[in-house]
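Note: the block below is work.cif and it holds mmCIF, C-alpha atoms.
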```
data_run
#
loop_
_atom_site.group_PDB
_atom_site.id
_atom_site.type_symbol
_atom_site.label_atom_id
_atom_site.label_comp_id
_atom_site.auth_asym_id
_atom_site.auth_seq_id
_atom_site.Cartn_x
_atom_site.Cartn_y
_atom_site.Cartn_z
ATOM 1 C CA MET K 1 19.986 -18.302 8.629
ATOM 2 C CA GLU K 2 20.871 -21.973 9.182
ATOM 3 C CA GLY K 3 21.896 -22.529 12.794
ATOM 4 C CA LYS K 4 20.664 -19.123 13.958
ATOM 5 C CA VAL K 5 18.070 -18.552 16.668
ATOM 6 C CA CYS K 6 15.517 -15.770 16.243
ATOM 7 C CA LEU K 7 12.846 -14.420 18.579
ATOM 8 C CA VAL K 8 9.855 -12.537 17.139
ATOM 9 C CA THR K 9 7.249 -10.863 19.330
ATOM 10 C CA GLY K 10 3.707 -10.281 18.120
ATOM 11 C CA ALA K 11 4.158 -13.228 15.769
ATOM 12 C CA THR K 12 0.632 -14.662 15.753
ATOM 13 C CA SER K 13 -0.571 -12.403 12.931
ATOM 14 C CA GLY K 14 0.427 -9.616 10.558
ATOM 15 C CA ILE K 15 4.022 -8.715 9.840
ATOM 16 C CA GLY K 16 5.228 -10.604 12.908
ATOM 17 C CA LEU K 17 3.835 -13.874 11.586
ATOM 18 C CA VAL K 18 5.270 -13.244 8.119
ATOM 19 C CA THR K 19 8.660 -12.307 9.561
ATOM 20 C CA ALA K 20 8.762 -15.459 11.676
ATOM 21 C CA ARG K 21 7.634 -17.621 8.759
ATOM 22 C CA GLU K 22 10.290 -16.305 6.394
ATOM 23 C CA LEU K 23 13.068 -16.617 8.985
ATOM 24 C CA ALA K 24 11.998 -20.229 9.534
ATOM 25 C CA ARG K 25 11.888 -20.797 5.785
ATOM 26 C CA ALA K 26 15.470 -19.512 5.603
ATOM 27 C CA GLY K 27 16.533 -22.187 8.081
ATOM 28 C CA ALA K 28 16.489 -20.373 11.423
ATOM 29 C CA ARG K 29 15.146 -21.778 14.644
ATOM 30 C CA VAL K 30 12.346 -19.334 15.463
ATOM 31 C CA LEU K 31 10.772 -18.640 18.843
ATOM 32 C CA ILE K 32 7.479 -16.806 18.478
ATOM 33 C CA VAL K 33 5.643 -14.826 21.133
ATOM 34 C CA GLY K 34 1.879 -14.358 21.285
ATOM 35 C CA ARG K 35 -0.523 -13.134 23.948
ATOM 36 C CA THR K 36 -1.941 -16.567 24.807
ATOM 37 C CA PRO K 37 -0.651 -20.147 24.616
ATOM 38 C CA ARG K 38 -3.474 -21.088 22.236
ATOM 39 C CA LYS K 39 -2.745 -18.290 19.757
ATOM 40 C CA SER K 40 0.990 -18.974 19.882
ATOM 41 C CA ALA K 41 0.517 -22.697 19.337
ATOM 42 C CA GLU K 42 -1.851 -22.119 16.406
ATOM 43 C CA ALA K 43 0.533 -19.627 14.807
ATOM 44 C CA ALA K 44 3.501 -21.961 15.280
ATOM 45 C CA ALA K 45 1.614 -24.791 13.586
ATOM 46 C CA ARG K 46 0.694 -22.520 10.682
ATOM 47 C CA ILE K 47 4.271 -21.262 10.288
ATOM 48 C CA ARG K 48 5.663 -24.816 10.368
ATOM 49 C CA ALA K 49 3.251 -25.866 7.635
ATOM 50 C CA GLU K 50 3.861 -22.824 5.426
ATOM 51 C CA ALA K 51 7.643 -22.670 5.929
ATOM 52 C CA GLY K 52 8.270 -26.398 5.839
ATOM 53 C CA SER K 53 10.222 -26.124 9.088
ATOM 54 C CA SER K 54 9.783 -28.020 12.333
ATOM 55 C CA ILE K 55 11.907 -25.683 14.469
ATOM 56 C CA VAL K 56 9.272 -23.087 15.290
ATOM 57 C CA GLU K 57 8.527 -22.889 19.007
ATOM 58 C CA PRO K 58 5.610 -21.050 20.629
ATOM 59 C CA LEU K 59 5.959 -18.863 23.705
ATOM 60 C CA SER K 60 3.319 -16.669 25.304
ATOM 61 C CA ALA K 61 3.334 -13.462 27.332
ATOM 62 C CA ASP K 62 1.184 -10.425 27.951
ATOM 63 C CA LEU K 63 3.730 -7.794 26.973
ATOM 64 C CA SER K 64 1.887 -5.098 28.899
ATOM 65 C CA SER K 65 2.899 -6.940 32.083
ATOM 66 C CA GLN K 66 6.471 -6.576 33.300
ATOM 67 C CA ALA K 67 6.165 -9.800 35.290
ATOM 68 C CA ASP K 68 5.198 -11.629 32.093
ATOM 69 C CA ILE K 69 8.112 -10.068 30.220
ATOM 70 C CA ARG K 70 10.549 -11.197 32.910
ATOM 71 C CA ALA K 71 9.071 -14.704 32.839
ATOM 72 C CA LEU K 72 9.355 -14.721 29.032
ATOM 73 C CA ALA K 73 13.012 -13.722 29.189
ATOM 74 C CA ARG K 74 13.741 -16.530 31.648
ATOM 75 C CA GLU K 75 11.963 -19.022 29.395
ATOM 76 C CA VAL K 76 13.997 -17.918 26.381
ATOM 77 C CA GLN K 77 17.212 -18.227 28.376
ATOM 78 C CA ASP K 78 16.192 -21.712 29.517
ATOM 79 C CA GLN K 79 15.296 -22.903 26.028
ATOM 80 C CA ALA K 80 18.033 -21.331 23.925
ATOM 81 C CA ASP K 81 21.781 -21.161 24.396
ATOM 82 C CA ARG K 82 22.081 -18.367 21.839
ATOM 83 C CA LEU K 83 20.018 -15.553 20.318
ATOM 84 C CA ASP K 84 21.108 -14.180 16.967
ATOM 85 C CA VAL K 85 18.124 -11.969 16.148
ATOM 86 C CA LEU K 86 15.522 -10.280 18.346
ATOM 87 C CA VAL K 87 12.614 -8.704 16.475
ATOM 88 C CA ASN K 88 10.575 -6.398 18.721
ATOM 89 C CA ASN K 89 7.332 -6.199 16.771
ATOM 90 C CA ALA K 90 4.354 -6.505 19.144
ATOM 91 C CA GLY K 91 2.344 -3.322 19.570
ATOM 92 C CA GLY K 92 -1.056 -1.757 19.457
ATOM 93 C CA ILE K 93 -3.153 1.380 19.154
ATOM 94 C CA PHE K 94 -5.433 1.977 22.122
ATOM 95 C CA LEU K 95 -7.967 4.654 21.279
ATOM 96 C CA GLU K 96 -9.349 4.778 24.817
ATOM 97 C CA ARG K 97 -6.935 5.421 27.665
ATOM 98 C CA SER K 98 -6.221 2.432 29.896
ATOM 99 C CA GLU K 99 -3.436 1.293 32.172
ATOM 100 C CA SER K 100 -1.410 -1.888 32.383
ATOM 101 C CA VAL K 101 -1.315 -4.120 35.446
ATOM 102 C CA ASP K 102 1.757 -2.102 36.458
ATOM 103 C CA GLY K 103 -0.213 1.159 36.397
ATOM 104 C CA ILE K 104 1.390 2.476 33.199
ATOM 105 C CA GLU K 105 -0.523 3.908 30.249
ATOM 106 C CA MET K 106 -1.119 0.944 27.946
ATOM 107 C CA THR K 107 0.317 2.312 24.700
ATOM 108 C CA PHE K 108 3.605 3.278 26.327
ATOM 109 C CA ALA K 109 3.731 -0.007 28.266
ATOM 110 C CA VAL K 110 3.228 -2.256 25.232
ATOM 111 C CA ASN K 111 4.864 -0.274 22.444
ATOM 112 C CA HIS K 112 7.953 1.017 24.251
ATOM 113 C CA LEU K 113 8.573 -0.466 27.685
ATOM 114 C CA ALA K 114 8.121 -4.036 26.409
ATOM 115 C CA TYR K 115 10.872 -3.399 23.821
ATOM 116 C CA PHE K 116 13.084 -1.795 26.452
ATOM 117 C CA LEU K 117 12.685 -4.408 29.167
ATOM 118 C CA LEU K 118 12.756 -7.557 27.034
ATOM 119 C CA THR K 119 15.795 -6.369 25.084
ATOM 120 C CA ASN K 120 17.736 -5.524 28.223
ATOM 121 C CA LEU K 121 16.855 -8.843 29.845
ATOM 122 C CA LEU K 122 18.096 -10.739 26.779
ATOM 123 C CA LEU K 123 21.249 -8.712 26.174
ATOM 124 C CA ASP K 124 23.565 -11.268 27.774
ATOM 125 C CA LEU K 125 22.271 -13.913 25.366
ATOM 126 C CA LEU K 126 22.614 -11.547 22.409
ATOM 127 C CA MET K 127 26.137 -10.588 23.489
ATOM 128 C CA ALA K 128 27.109 -14.253 23.765
ATOM 129 C CA SER K 129 25.884 -14.819 20.188
ATOM 130 C CA ARG K 130 27.749 -11.968 18.490
ATOM 131 C CA PRO K 131 27.428 -10.795 15.807
ATOM 132 C CA SER K 132 23.728 -10.475 16.608
ATOM 133 C CA ARG K 133 20.932 -8.116 15.676
ATOM 134 C CA ILE K 134 18.059 -6.289 17.352
ATOM 135 C CA VAL K 135 15.265 -5.084 15.075
ATOM 136 C CA ASN K 136 12.694 -2.605 16.409
ATOM 137 C CA VAL K 137 9.484 -2.123 14.434
ATOM 138 C CA ALA K 138 8.675 1.589 14.663
ATOM 139 C CA SER K 139 6.635 3.791 12.324
ATOM 140 C CA ARG K 140 6.656 6.931 10.227
ATOM 141 C CA ALA K 141 3.936 8.020 12.663
ATOM 142 C CA HIS K 142 6.735 9.164 14.995
ATOM 143 C CA ARG K 143 6.933 12.435 13.060
ATOM 144 C CA GLY K 144 5.341 15.609 14.378
ATOM 145 C CA VAL K 145 5.450 14.810 18.103
ATOM 146 C CA ALA K 146 7.764 15.090 21.093
ATOM 147 C CA ILE K 147 7.688 13.172 24.357
ATOM 148 C CA ASP K 148 6.336 15.096 27.336
ATOM 149 C CA PHE K 149 8.180 13.530 30.255
ATOM 150 C CA GLY K 150 5.960 15.453 32.653
ATOM 151 C CA ASP K 151 2.825 13.666 31.392
ATOM 152 C CA ILE K 152 4.065 10.621 29.539
ATOM 153 C CA GLY K 153 0.899 8.682 30.369
ATOM 154 C CA GLY K 154 -1.487 11.282 28.984
ATOM 155 C CA ARG K 155 -3.403 11.848 32.210
ATOM 156 C CA ASP K 156 -4.007 15.524 31.471
ATOM 157 C CA HIS K 157 -5.047 15.042 27.858
ATOM 158 C CA TYR K 158 -5.224 11.672 26.115
ATOM 159 C CA SER K 159 -5.382 11.004 22.411
ATOM 160 C CA GLY K 160 -4.963 7.402 21.329
ATOM 161 C CA TRP K 161 -3.339 8.393 18.051
ATOM 162 C CA ARG K 162 -0.941 10.862 19.686
ATOM 163 C CA ALA K 163 -0.031 8.254 22.310
ATOM 164 C CA TYR K 164 0.780 5.854 19.488
ATOM 165 C CA GLN K 165 2.896 8.472 17.720
ATOM 166 C CA LYS K 166 4.877 9.151 20.892
ATOM 167 C CA SER K 167 5.434 5.456 21.515
ATOM 168 C CA LYS K 168 6.877 5.103 18.020
ATOM 169 C CA LEU K 169 9.146 8.096 18.674
ATOM 170 C CA ALA K 170 10.213 6.293 21.848
ATOM 171 C CA ASN K 171 11.137 3.259 19.710
ATOM 172 C CA LEU K 172 13.531 5.410 17.694
ATOM 173 C CA LEU K 173 15.039 7.153 20.710
ATOM 174 C CA PHE K 174 15.518 3.759 22.381
ATOM 175 C CA THR K 175 17.180 2.421 19.226
ATOM 176 C CA ARG K 176 19.530 5.385 19.093
ATOM 177 C CA GLU K 177 20.571 5.184 22.741
ATOM 178 C CA LEU K 178 20.945 1.401 22.701
ATOM 179 C CA ALA K 179 23.120 1.606 19.576
ATOM 180 C CA ARG K 180 25.327 4.149 21.354
ATOM 181 C CA ARG K 181 25.685 1.938 24.388
ATOM 182 C CA LEU K 182 26.395 -1.172 22.328
ATOM 183 C CA GLY K 183 28.843 0.507 19.969
ATOM 184 C CA GLY K 184 31.721 -1.805 19.093
ATOM 185 C CA THR K 185 30.248 -4.860 20.827
ATOM 186 C CA GLY K 186 29.069 -6.711 17.715
ATOM 187 C CA VAL K 187 25.416 -6.347 18.666
ATOM 188 C CA THR K 188 23.583 -4.035 16.263
ATOM 189 C CA VAL K 189 20.183 -2.390 16.646
ATOM 190 C CA ASN K 190 18.075 -0.735 13.974
ATOM 191 C CA ALA K 191 14.491 0.486 13.648
ATOM 192 C CA LEU K 192 12.120 0.488 10.721
ATOM 193 C CA HIS K 193 8.901 1.808 9.256
ATOM 194 C CA PRO K 194 7.016 -1.169 7.766
ATOM 195 C CA GLY K 195 4.512 0.931 5.835
ATOM 196 C CA TYR K 196 0.792 1.296 6.396
ATOM 197 C CA VAL K 197 0.031 -2.384 6.932
ATOM 198 C CA ASN K 198 -3.316 -4.124 7.197
ATOM 199 C CA THR K 199 -2.858 -5.849 10.568
ATOM 200 C CA HIS K 200 -4.739 -6.392 13.849
ATOM 201 C CA ILE K 201 -3.080 -3.376 15.480
ATOM 202 C CA PHE K 202 -6.404 -1.561 15.945
ATOM 203 C CA ARG K 203 -7.610 -3.258 19.113
ATOM 204 C CA ASP K 204 -10.352 -0.780 20.015
ATOM 205 C CA GLU K 205 -13.779 -2.293 19.426
ATOM 206 C CA GLY K 206 -15.656 1.025 19.292
ATOM 207 C CA TRP K 207 -16.749 2.847 16.165
ATOM 208 C CA ARG K 208 -13.372 4.560 15.740
ATOM 209 C CA GLY K 209 -11.594 1.219 15.735
ATOM 210 C CA LYS K 210 -14.030 -0.102 13.137
ATOM 211 C CA VAL K 211 -13.410 2.924 10.910
ATOM 212 C CA MET K 212 -9.644 2.518 11.180
ATOM 213 C CA ARG K 213 -9.843 -1.211 10.435
ATOM 214 C CA PHE K 214 -12.066 -0.500 7.419
ATOM 215 C CA ALA K 215 -9.561 2.059 6.113
ATOM 216 C CA ALA K 216 -6.713 -0.394 6.650
ATOM 217 C CA GLY K 217 -8.584 -3.033 4.692
ATOM 218 C CA ARG K 218 -9.098 -0.636 1.783
ATOM 219 C CA PHE K 219 -5.802 1.231 1.588
ATOM 220 C CA ALA K 220 -3.089 -0.594 3.540
ATOM 221 C CA ILE K 221 -0.409 -2.886 2.143
ATOM 222 C CA THR K 222 -0.267 -6.599 2.875
ATOM 223 C CA PRO K 223 1.682 -8.024 5.827
ATOM 224 C CA GLU K 224 3.961 -9.732 3.289
ATOM 225 C CA ARG K 225 5.046 -6.354 1.932
ATOM 226 C CA GLY K 226 5.141 -4.847 5.406
ATOM 227 C CA ALA K 227 7.554 -7.512 6.660
ATOM 228 C CA ARG K 228 10.173 -6.926 3.973
ATOM 229 C CA THR K 229 12.228 -4.330 5.813
ATOM 230 C CA ALA K 230 12.120 -6.250 9.093
ATOM 231 C CA LEU K 231 13.443 -9.308 7.253
ATOM 232 C CA TYR K 232 16.089 -7.206 5.534
ATOM 233 C CA LEU K 233 17.373 -5.910 8.868
ATOM 234 C CA ALA K 234 17.161 -9.350 10.480
ATOM 235 C CA ALA K 235 18.930 -11.356 7.798
ATOM 236 C CA SER K 236 20.533 -9.380 4.985
ATOM 237 C CA PRO K 237 24.350 -9.350 4.756
ATOM 238 C CA GLU K 238 24.035 -5.818 3.363
ATOM 239 C CA VAL K 239 23.402 -4.440 6.867
ATOM 240 C CA GLU K 240 25.958 -6.539 8.716
ATOM 241 C CA GLY K 241 27.553 -4.182 11.263
ATOM 242 C CA VAL K 242 25.132 -1.326 10.549
ATOM 243 C CA THR K 243 23.615 0.081 13.744
ATOM 244 C CA GLY K 244 21.519 2.979 14.999
ATOM 245 C CA GLY K 245 19.646 3.377 11.727
ATOM 246 C CA TYR K 246 16.046 3.955 10.706
ATOM 247 C CA PHE K 247 14.931 2.102 7.577
ATOM 248 C CA ALA K 248 11.987 1.998 5.187
ATOM 249 C CA ASN K 249 11.670 -0.029 1.993
ATOM 250 C CA ASN K 250 15.054 -1.671 2.668
ATOM 251 C CA ALA K 251 16.854 1.677 2.682
ATOM 252 C CA ARG K 252 18.153 3.905 5.441
ATOM 253 C CA VAL K 253 16.093 7.088 5.704
ATOM 254 C CA PRO K 254 16.290 10.132 7.992
ATOM 255 C CA PRO K 255 13.898 10.150 10.953
ATOM 256 C CA SER K 256 12.393 13.279 12.479
ATOM 257 C CA ARG K 257 14.558 15.805 14.282
ATOM 258 C CA ALA K 258 13.011 14.743 17.598
ATOM 259 C CA ALA K 259 14.151 11.160 16.964
ATOM 260 C CA VAL K 260 17.844 12.150 16.908
ATOM 261 C CA ASP K 261 17.710 14.225 20.094
ATOM 262 C CA GLU K 262 20.471 12.586 22.136
ATOM 263 C CA ALA K 263 19.474 14.321 25.375
ATOM 264 C CA ALA K 264 15.892 13.053 25.010
ATOM 265 C CA ALA K 265 17.171 9.556 24.203
ATOM 266 C CA ARG K 266 19.231 9.443 27.399
ATOM 267 C CA LEU K 267 16.412 10.885 29.467
ATOM 268 C CA LEU K 268 13.999 8.295 28.054
ATOM 269 C CA TRP K 269 16.460 5.549 28.965
ATOM 270 C CA ARG K 270 16.674 6.691 32.576
ATOM 271 C CA PHE K 271 12.905 7.168 32.726
ATOM 272 C CA SER K 272 12.388 3.642 31.374
ATOM 273 C CA GLU K 273 14.849 2.218 33.891
ATOM 274 C CA ASP K 274 12.827 3.790 36.679
ATOM 275 C CA LEU K 275 9.508 2.469 35.343
ATOM 276 C CA THR K 276 10.827 -1.069 34.949
ATOM 277 C CA GLY K 277 13.109 -1.208 37.976
ATOM 278 C CA LEU K 278 15.932 -2.057 35.600
ATOM 279 C CA ASN K 279 19.245 -0.427 36.401
ATOM 280 C CA ALA K 280 21.784 -2.663 34.690
ATOM 281 C CA PRO K 281 24.422 -0.501 32.991
ATOM 282 C CA ILE K 282 25.475 -1.671 29.538
ATOM 283 C CA GLY K 283 28.068 -0.250 27.206
ATOM 284 C CA HIS K 284 28.818 3.367 27.945
ATOM 285 C CA PRO K 285 27.526 4.885 31.200
ATOM 286 C CA PRO K 286 24.391 7.023 30.750
ATOM 287 C CA GLY K 287 26.021 10.319 31.577
ATOM 288 C CA ASP K 288 29.167 10.114 29.461
ATOM 289 C CA GLY K 289 29.925 12.418 26.540
#
```
Would you mind writing the file's structure down as structure tokens?
Amino acid sequence: MEGKVCLVTGATSGIGLVTARELARAGARVLIVGRTPRKSAEAAARIRAEAGSSIVEPLSADLSSQADIRALAREVQDQADRLDVLVNNAGGIFLERSESVDGIEMTFAVNHLAYFLLTNLLLDLLMASRPSRIVNVASRAHRGVAIDFGDIGGRDHYSGWRAYQKSKLANLLFTRELARRLGGTGVTVNALHPGYVNTHIFRDEGWRGKVMRFAAGRFAITPERGARTALYLAASPEVEGVTGGYFANNARVPPSRAAVDEAAARLLWRFSEDLTGLNAPIGHPPGDG
């Protein structure tokens, strides 16, 4: 990874921090994104110390805010003249329904739209750095659900766990459609299931959040194990040129049937464009084929 530039979101703890640390240890220049300047600076200092690398740079953004995401993209473009790897990792489970500053249900805003908007805003930099890679952290939790485009924000009936499942399905549909659009460009995109990882993803402070955090502490794998597949997709020569895949334990695995629904993937893309005000065509036009 010497000479490469990597950006990792949600890198102040959990698998994001481990991913950033190991990319830095491999010689990459790593830009890390956290929610606040203090957390990002503390994480960068920790990663530098553990990786023995001085080229770890902290950035901060509230990824539920589209204005913050746009500001983050501009900052990355100002600071880096290339981007070889983008790891979309930041996410959360919100057991109580809430909305972002943009009026969008929080789970969908953070777990899907942040991936969609940040990736699109950085595509020019990724294209200029080809061959480059986009890695989307998804989850096996995507199974057993479909996206209801008529009530994507769960206003009629909200379940925090179901909202999380649908956001992870959105990650896979986004990966599939982006891979189609970027076919033949030298920019690859793949998604992964990291495993059931003991992280800070359970942000709810109520009793349900405490139960879920207790279960994670007892039964979940470590962030070090959880980061393995993200690192494999970010750096391994074995997946050079591979795109549109879903991986677990460093192997390509089949996702759910809903995750390979091309019509749903294209509809989600258009829906996401509308929600973000982003209408920049890339690759193949949305309605072809």
Would you kindly return, as an mmCIF file with C-alpha atoms, in the frame of the given file, each protein, DNA or RNA residue with an atom no farther than 7 Å from any atom of region 95-99 of chain K, considering all atoms listed in the file and excluding same-chain residues fewer than 4 positions away?
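Okay, result-v3.cif is ready:
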```cif
data_model
loop_
_atom_site.group_PDB
_atom_site.id
_atom_site.type_symbol
_atom_site.label_atom_id
_atom_site.label_comp_id
_atom_site.auth_asym_id
_atom_site.auth_seq_id
_atom_site.Cartn_x
_atom_site.Cartn_y
_atom_site.Cartn_z
ATOM 1 C CA GLY K 103 -0.213 1.159 36.397
ATOM 2 C CA ILE K 104 1.390 2.476 33.199
ATOM 3 C CA GLU K 105 -0.523 3.908 30.249
ATOM 4 C CA MET K 106 -1.119 0.944 27.946
ATOM 5 C CA TYR K 158 -5.224 11.672 26.115
ATOM 6 C CA SER K 159 -5.382 11.004 22.411
ATOM 7 C CA GLY K 160 -4.963 7.402 21.329
ATOM 8 C CA TRP K 161 -3.339 8.393 18.051
ATOM 9 C CA ASP K 204 -10.352 -0.780 20.015
#
```
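Remark: for Phe108 (chain K), the closest of the candidate residues K:Ser64, K:Asn250, K:Ser54, K:Gln77 is K:Ser64 (distances computed over only C-alpha atoms).
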Legend entry - Residue IDs satisfying the PyMOL selection byres ((chain K and resi 261-275) around 8), as an MDAnalysis selection string: chainID K and resid 113 116 170 173:174 176:177 257:260 276:279 286
Would you save the residues of that selection, restricted to C-alpha atoms, as a compact mmCIF listing (two decimals), in the coordinates of the input?
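Once everything was written out, this is part16.txt:
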```
# COMPACT_ATOMS: atom_id res chain seq x y z
CA LEU K 113 8.57 -0.47 27.68
CA PHE K 116 13.08 -1.80 26.45
CA ALA K 170 10.21 6.29 21.85
CA LEU K 173 15.04 7.15 20.71
CA PHE K 174 15.52 3.76 22.38
CA ARG K 176 19.53 5.38 19.09
CA GLU K 177 20.57 5.18 22.74
CA ARG K 257 14.56 15.80 14.28
CA ALA K 258 13.01 14.74 17.60
CA ALA K 259 14.15 11.16 16.96
CA VAL K 260 17.84 12.15 16.91
CA THR K 276 10.83 -1.07 34.95
CA GLY K 277 13.11 -1.21 37.98
CA LEU K 278 15.93 -2.06 35.60
CA ASN K 279 19.24 -0.43 36.40
CA PRO K 286 24.39 7.02 30.75
```
Inset, instruction - Please identify all polymer residues lying at most 10 Å from the point (24.0, -18.2, 24.0) (file coordinates), using only C-alpha atoms, and present the result as JSON, numbers by chain. - result: {"K": [5, 77, 80, 81, 82, 83, 84, 122, 124, 125, 126, 127, 128, 129, 130]}
Legend entry - Between CA of Gly3 (chain K) and CA of Leu117 (chain K), distance in Å (one decimal): 26.1 Å
Using the incomplete input, complete region 114-137 of chain K to the level of N, CA and C atoms; output as a CSV table (one decimal), in the coordinates of the input.
```
chain,number,residue,atom,x,y,z
K,114,ALA,N,7.9,-2.6,26.7
K,114,ALA,CA,8.1,-4.0,26.4
K,114,ALA,C,9.4,-4.2,25.6
K,115,TYR,N,9.6,-3.3,24.6
K,115,TYR,CA,10.9,-3.4,23.8
K,115,TYR,C,12.1,-3.2,24.8
K,116,PHE,N,12.0,-2.2,25.6
K,116,PHE,CA,13.1,-1.8,26.5
K,116,PHE,C,13.4,-2.9,27.4
K,117,LEU,N,12.4,-3.4,28.1
K,117,LEU,CA,12.7,-4.4,29.2
K,117,LEU,C,13.1,-5.7,28.6
K,118,LEU,N,12.4,-6.3,27.6
K,118,LEU,CA,12.8,-7.6,27.0
K,118,LEU,C,14.2,-7.5,26.4
K,119,THR,N,14.5,-6.5,25.7
K,119,THR,CA,15.8,-6.4,25.1
K,119,THR,C,16.9,-6.4,26.1
K,120,ASN,N,16.7,-5.6,27.2
K,120,ASN,CA,17.7,-5.5,28.2
K,120,ASN,C,17.9,-6.9,28.9
K,121,LEU,N,16.8,-7.6,29.2
K,121,LEU,CA,16.9,-8.8,29.8
K,121,LEU,C,17.5,-9.9,29.0
K,122,LEU,N,17.5,-9.7,27.7
K,122,LEU,CA,18.1,-10.7,26.8
K,122,LEU,C,19.5,-10.3,26.2
K,123,LEU,N,20.0,-9.2,26.7
K,123,LEU,CA,21.2,-8.7,26.2
K,123,LEU,C,22.4,-9.7,26.4
K,124,ASP,N,22.5,-10.3,27.5
K,124,ASP,CA,23.6,-11.3,27.8
K,124,ASP,C,23.6,-12.4,26.7
K,125,LEU,N,22.4,-12.9,26.4
K,125,LEU,CA,22.3,-13.9,25.4
K,125,LEU,C,22.7,-13.4,24.0
K,126,LEU,N,22.2,-12.2,23.7
K,126,LEU,CA,22.6,-11.5,22.4
K,126,LEU,C,24.1,-11.3,22.3
K,127,MET,N,24.7,-10.8,23.4
K,127,MET,CA,26.1,-10.6,23.5
K,127,MET,C,26.9,-11.9,23.3
K,128,ALA,N,26.4,-13.0,23.9
K,128,ALA,CA,27.1,-14.3,23.8
K,128,ALA,C,27.0,-14.8,22.4
K,129,SER,N,26.1,-14.3,21.5
K,129,SER,CA,25.9,-14.8,20.2
K,129,SER,C,26.4,-13.9,19.1
K,130,ARG,N,27.3,-12.9,19.5
K,130,ARG,CA,27.7,-12.0,18.5
K,130,ARG,C,28.5,-12.6,17.3
K,131,PRO,N,28.2,-12.0,16.1
K,131,PRO,CA,27.4,-10.8,15.8
K,131,PRO,C,25.9,-11.1,15.8
K,132,SER,N,25.2,-10.3,16.5
K,132,SER,CA,23.7,-10.5,16.6
K,132,SER,C,23.0,-9.2,16.3
K,133,ARG,N,21.7,-9.3,16.1
K,133,ARG,CA,20.9,-8.1,15.7
K,133,ARG,C,19.7,-7.9,16.5
K,134,ILE,N,19.3,-6.7,16.7
K,134,ILE,CA,18.1,-6.3,17.4
K,134,ILE,C,17.3,-5.4,16.3
K,135,VAL,N,16.1,-5.8,16.1
K,135,VAL,CA,15.3,-5.1,15.1
K,135,VAL,C,14.0,-4.6,15.8
K,136,ASN,N,13.8,-3.2,15.8
K,136,ASN,CA,12.7,-2.6,16.4
K,136,ASN,C,11.7,-2.1,15.4
K,137,VAL,N,10.5,-2.6,15.4
K,137,VAL,CA,9.5,-2.1,14.4
K,137,VAL,C,8.9,-0.8,15.0
```
